[in-house]
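Chemist: The structure is given below, and queries will be raised subsequently.
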Amino acid sequence: MAQVTSNERLRFYAMDVQAHQHTFAQDVADGLAAPQKWLPPKYFYDERGSCLYEQICNLPEYYPYRAERDIFIAHAAEIHAEIGHLALVEFGSGNAAKTRHLLVAYERAERPFIYCPVDISPTMLRQTAEQLLQTYRHIAIHALHADFTGRPDVVRALPLERKVLAFFGSSLGNFTREESAEFLRRLTAIMGPEDVFLLGIDLKKSPEILVPAYDDAQGVTSAFNLNVLHRINRELGGQFDVQTFEHVALYNDAQGRIEMHLRSLVAQRVPIINIDRVVSFAAGETIHTENSYKYTVDEVRALGHRANLVLRRTWFDPQRYFLLALFRPFLSVNCHIRKAHLCIPTSL
Ligand code: AVI
């Protein structure tokens with residue numbers, strides 16, 4: 001059950017985040033004991049990691065941020081017209097930097113509207129909410145502090161009627177394809193017939209463009225990746241000599257994903273005091289720290305189908321690097337088509 005605090009234009013809902021979270025200690029112990037060592041990417045985002053991620057978004061090589069932002073800048077009015085003036089629920093809202101372009105379109109309608117940012121960081125939620133309230137006269141904010149990974153149904157805590165569910169920034173790409181399908185199935189389960197889903201997702205392209213986006217010349221992504229070892233040292237009494245690890249980014253063509261790893265440059269044993277483990281590394285052995293799956297438009301459509309969602313509109317940046325996809329629940333599309341006495345296209 002969510003706790004609610006509110007004033008006239010801001011309601012703040014907080015789910016019990018800890019109750020549903022694996023602890024950092026548990027995940028590190030499990031991940032570093034696996035044959036292919038791995039760590040969940042959500043642990044990148046401590047204060048320094050979040051700051052480094054913001055820097056990544058401004059790197060010349062990291063096109064996804066700019067490409068998605070360009071879609072919003074060019075098409076915000078059209079997107080708003082297509083989705084209607086419904087409450088906008090954004091998973092992983094962060095500082096809502098790109099979303100502001102869409103909020104401008106809501107504001108231009110000169111009617112009250114509701115924005116519901118959902119994020120794991122309560123500080124970020126509060127700061128962002130305060131700024132948005134100052135910028136937009138017609139906005140009311142229902143902020144939800146929750147860990148929505150694998151559980152988009154946390155938004156049931158928000159008493160909304162019709163809504164747009166939004167997942168931007170290609171964050172779905174950090175889930176496996178199976179996890180993504182499950183996430184969307186759970187999402188469909190909480191959608192009413194007139195609700196819509198907006199997905200921002202990175203598209204497949206040449207590894208010559210993909211790999212540098214995750215292995216930039218200034219070494220910001222390397223620092224972002226290595227930061228998780230600093231975090232283990234600080235929070236779990238780890239004794240990683242971070243300089244003996246290097247950042248690796250590669251494109252796995254068979255899986256259609258960028259993989260990030262941390263490779264041990266030497267054979268070594270690393271004590272982690274708080275979890276009572278000593279982790280052994282062979283020289284060259286890696287910890288797999290992130291997958292970033294890339295999609296084709298057809299794969300995005302098929303992913304929607306698996307969750308009973310129909311792809312209704314697409315928007316692209318001028319280079320067609322990134323896709324903003326609008327889905328509606330299958331049943332509502334189906335009913336609409338039946339009402340209009342049209343044939344159901346075979347792709348449905
Ligand atoms: C948050 N996520 C969508 C980013 C991505 O592109 O997969 C995280 C990231 N990792 C390295 N650079 C950016």
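Residue numbers start at 1 in each chain; chains themselves are named A, B, ... in the order of the structure tokens; ligands are numbered from 1 in the order shown.
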Residues at most 7 Å from ligand 1, using only C-alpha atoms and all ligand atoms? Could they come as an mmCIF file with N, CA and C atoms, in the first residue's frame?
Modeler:
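Result went into out38.cif, see below:
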```
data_model
loop_
_atom_site.group_PDB
_atom_site.id
_atom_site.type_symbol
_atom_site.label_atom_id
_atom_site.label_comp_id
_atom_site.auth_asym_id
_atom_site.auth_seq_id
_atom_site.Cartn_x
_atom_site.Cartn_y
_atom_site.Cartn_z
ATOM 1 N N TYR A 53 25.997 9.198 -15.684
ATOM 2 C CA TYR A 53 25.026 8.892 -16.740
ATOM 3 C C TYR A 53 24.543 10.172 -17.427
ATOM 4 N N ILE A 56 27.126 11.024 -19.818
ATOM 5 C CA ILE A 56 27.054 10.131 -20.988
ATOM 6 C C ILE A 56 26.056 10.687 -22.013
ATOM 7 N N PRO A 64 21.702 7.940 -28.472
ATOM 8 C CA PRO A 64 20.301 7.634 -28.157
ATOM 9 C C PRO A 64 19.570 8.783 -27.457
ATOM 10 N N GLY A 169 13.746 6.462 -23.143
ATOM 11 C CA GLY A 169 15.191 6.357 -22.906
ATOM 12 C C GLY A 169 15.785 5.011 -23.238
ATOM 13 N N SER A 170 15.036 4.149 -23.933
ATOM 14 C CA SER A 170 15.494 2.789 -24.264
ATOM 15 C C SER A 170 15.830 1.980 -23.014
ATOM 16 N N SER A 171 15.210 2.332 -21.887
ATOM 17 C CA SER A 171 15.483 1.578 -20.662
ATOM 18 C C SER A 171 14.982 0.143 -20.775
ATOM 19 N N GLY A 173 15.539 -1.659 -23.137
ATOM 20 C CA GLY A 173 16.678 -2.370 -23.730
ATOM 21 C C GLY A 173 17.609 -2.971 -22.689
ATOM 22 N N ASN A 174 17.524 -2.513 -21.450
ATOM 23 C CA ASN A 174 18.374 -3.102 -20.408
ATOM 24 C C ASN A 174 17.761 -4.363 -19.801
ATOM 25 N N TYR A 214 29.051 3.241 -26.443
ATOM 26 C CA TYR A 214 29.243 2.612 -25.131
ATOM 27 C C TYR A 214 30.731 2.503 -24.767
ATOM 28 N N THR A 221 32.049 6.495 -20.079
ATOM 29 C CA THR A 221 31.317 5.232 -19.914
ATOM 30 C C THR A 221 32.174 4.231 -19.129
ATOM 31 N N ASN A 291 23.464 -5.328 -20.359
ATOM 32 C CA ASN A 291 23.051 -5.574 -21.743
ATOM 33 C C ASN A 291 22.220 -4.386 -22.180
ATOM 34 N N SER A 292 22.405 -3.994 -23.423
ATOM 35 C CA SER A 292 21.549 -2.943 -23.970
ATOM 36 C C SER A 292 21.047 -3.469 -25.311
#
```
Chemist: Give me the residues near A:Glu182 as a list in words, where near means some atom within 10 Å (using only C-alpha atoms) and where sequence neighbours in that chain fewer than 5 positions away do not count.
Modeler: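 Contacts, in chain order: Gly150, Arg151, Phe175, Thr176, Arg177, Leu187, Thr188, Leu303, Arg306 and Ala307 of chain A.
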Chemist: Quick one: residues within 12 Å of A:Pro60, only C-alpha atoms counted, chain neighbours fewer than 6 positions away excluded, as an mmCIF file with N, CA, C and O atoms, in the first residue's frame?
Modeler:
```cif
data_model
loop_
_atom_site.group_PDB
_atom_site.id
_atom_site.type_symbol
_atom_site.label_atom_id
_atom_site.label_comp_id
_atom_site.auth_asym_id
_atom_site.auth_seq_id
_atom_site.Cartn_x
_atom_site.Cartn_y
_atom_site.Cartn_z
ATOM 1 N N ARG A 66 20.090 12.075 -27.612
ATOM 2 C CA ARG A 66 19.771 13.193 -28.519
ATOM 3 C C ARG A 66 18.714 12.784 -29.542
ATOM 4 O O ARG A 66 17.824 13.557 -29.871
ATOM 5 N N ALA A 67 18.832 11.540 -30.027
ATOM 6 C CA ALA A 67 17.896 11.095 -31.062
ATOM 7 C C ALA A 67 16.465 11.097 -30.511
ATOM 8 O O ALA A 67 15.530 11.582 -31.161
ATOM 9 N N ILE A 209 28.658 2.422 -35.158
ATOM 10 C CA ILE A 209 27.980 3.522 -34.455
ATOM 11 C C ILE A 209 27.665 3.077 -33.021
ATOM 12 O O ILE A 209 27.804 3.844 -32.069
ATOM 13 N N PRO A 212 31.069 2.680 -30.196
ATOM 14 C CA PRO A 212 31.596 3.909 -29.582
ATOM 15 C C PRO A 212 30.604 4.590 -28.636
ATOM 16 O O PRO A 212 31.016 5.290 -27.706
ATOM 17 N N ALA A 213 29.293 4.378 -28.870
ATOM 18 C CA ALA A 213 28.303 4.990 -27.968
ATOM 19 C C ALA A 213 28.470 4.444 -26.542
ATOM 20 O O ALA A 213 28.074 5.086 -25.567
ATOM 21 N N TYR A 214 29.051 3.241 -26.443
ATOM 22 C CA TYR A 214 29.243 2.612 -25.131
ATOM 23 C C TYR A 214 30.731 2.503 -24.767
ATOM 24 O O TYR A 214 31.088 1.837 -23.796
ATOM 25 N N ASP A 215 31.567 3.141 -25.579
ATOM 26 C CA ASP A 215 33.016 3.119 -25.311
ATOM 27 C C ASP A 215 33.604 4.430 -25.836
ATOM 28 O O ASP A 215 34.355 4.445 -26.798
ATOM 29 N N ASP A 216 33.228 5.509 -25.181
ATOM 30 C CA ASP A 216 33.540 6.841 -25.693
ATOM 31 C C ASP A 216 35.007 7.204 -25.494
ATOM 32 O O ASP A 216 35.694 6.654 -24.623
ATOM 33 N N ALA A 217 35.441 8.162 -26.308
ATOM 34 C CA ALA A 217 36.859 8.563 -26.321
ATOM 35 C C ALA A 217 37.283 9.200 -24.995
ATOM 36 O O ALA A 217 38.436 9.054 -24.574
ATOM 37 N N GLN A 218 36.351 9.893 -24.314
ATOM 38 C CA GLN A 218 36.736 10.569 -23.055
ATOM 39 C C GLN A 218 36.765 9.622 -21.853
ATOM 40 O O GLN A 218 37.145 10.008 -20.759
ATOM 41 N N VAL A 220 34.138 8.346 -20.232
ATOM 42 C CA VAL A 220 33.059 8.555 -19.247
ATOM 43 C C VAL A 220 32.304 7.242 -19.000
ATOM 44 O O VAL A 220 31.988 6.897 -17.858
#
```
Chemist: Select from stretch 29-119 of chain A everything DSSP, run on the backbone, classes as strand (DSSP E or B), then give the selection as a list in words.
Modeler: Trp38, Ala87, Leu88, Val89, Glu90, Phe91, Phe113, Ile114, Tyr115, Cys116, Pro117, Val118 and Asp119 of chain A
Chemist: Neighbouring residues of A:Glu78 were defined as those with any atom within 10 Å, considering only C-alpha atoms; residues of the same chain fewer than 6 positions away were excluded. Please report them as an MDAnalysis selection string.
Modeler: chainID A and resid 72 84 102 105 315
Chemist: The selected residues should be written to file as an mmCIF file, in the first residue's frame (atoms: all heavy atoms).
Modeler:
```
data_model
loop_
_atom_site.group_PDB
_atom_site.id
_atom_site.type_symbol
_atom_site.label_atom_id
_atom_site.label_comp_id
_atom_site.auth_asym_id
_atom_site.auth_seq_id
_atom_site.Cartn_x
_atom_site.Cartn_y
_atom_site.Cartn_z
ATOM 1 N N PHE A 72 11.022 14.180 -29.759
ATOM 2 C CA PHE A 72 10.079 14.982 -28.953
ATOM 3 C C PHE A 72 10.013 16.423 -29.466
ATOM 4 O O PHE A 72 8.932 17.000 -29.579
ATOM 5 C CB PHE A 72 10.484 14.980 -27.478
ATOM 6 C CG PHE A 72 10.143 13.693 -26.785
ATOM 7 C CD1 PHE A 72 11.123 12.926 -26.191
ATOM 8 C CD2 PHE A 72 8.838 13.254 -26.715
ATOM 9 C CE1 PHE A 72 10.819 11.739 -25.556
ATOM 10 C CE2 PHE A 72 8.514 12.058 -26.083
ATOM 11 C CZ PHE A 72 9.510 11.301 -25.499
ATOM 12 N N GLY A 84 -3.945 12.242 -26.819
ATOM 13 C CA GLY A 84 -4.999 12.944 -26.091
ATOM 14 C C GLY A 84 -4.426 13.544 -24.819
ATOM 15 O O GLY A 84 -3.246 13.373 -24.515
ATOM 16 N N LEU A 102 7.328 17.251 -24.308
ATOM 17 C CA LEU A 102 5.946 16.778 -24.421
ATOM 18 C C LEU A 102 5.038 17.551 -23.451
ATOM 19 O O LEU A 102 3.897 17.889 -23.780
ATOM 20 C CB LEU A 102 5.922 15.269 -24.110
ATOM 21 C CG LEU A 102 4.645 14.510 -24.375
ATOM 22 C CD1 LEU A 102 4.144 14.742 -25.800
ATOM 23 C CD2 LEU A 102 4.883 13.005 -24.165
ATOM 24 N N ALA A 105 3.668 20.640 -24.857
ATOM 25 C CA ALA A 105 2.486 20.442 -25.705
ATOM 26 C C ALA A 105 1.220 20.331 -24.842
ATOM 27 O O ALA A 105 0.169 20.875 -25.191
ATOM 28 C CB ALA A 105 2.665 19.205 -26.569
ATOM 29 N N TRP A 315 7.289 7.190 -34.567
ATOM 30 C CA TRP A 315 8.004 8.432 -34.888
ATOM 31 C C TRP A 315 9.497 8.127 -34.824
ATOM 32 O O TRP A 315 9.943 7.359 -33.955
ATOM 33 C CB TRP A 315 7.690 9.539 -33.870
ATOM 34 C CG TRP A 315 6.286 10.042 -33.912
ATOM 35 C CD1 TRP A 315 5.794 11.037 -34.707
ATOM 36 C CD2 TRP A 315 5.173 9.610 -33.097
ATOM 37 N NE1 TRP A 315 4.454 11.250 -34.444
ATOM 38 C CE2 TRP A 315 4.049 10.384 -33.460
ATOM 39 C CE3 TRP A 315 5.014 8.629 -32.099
ATOM 40 C CZ2 TRP A 315 2.804 10.222 -32.867
ATOM 41 C CZ3 TRP A 315 3.766 8.474 -31.508
ATOM 42 C CH2 TRP A 315 2.681 9.261 -31.892
#
```
Chemist: Could you state the separation of atom CA of A:Tyr45 and atom CA of A:Gln26 in Å, given to one decimal place?
Modeler: 17.2 Å
Chemist: Would you kindly return, as a list in words, each protein, DNA or RNA residue with an atom no farther than 10 Å from any atom of A:Asp153, considering only C-alpha atoms and excluding same-chain residues fewer than 4 positions away?
Modeler: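 In the requested form, the answer reads Phe148, Thr149, Ala157, Phe183, Arg186, Leu187, Thr188, Ala189, Ile190 and Met191 of chain A.
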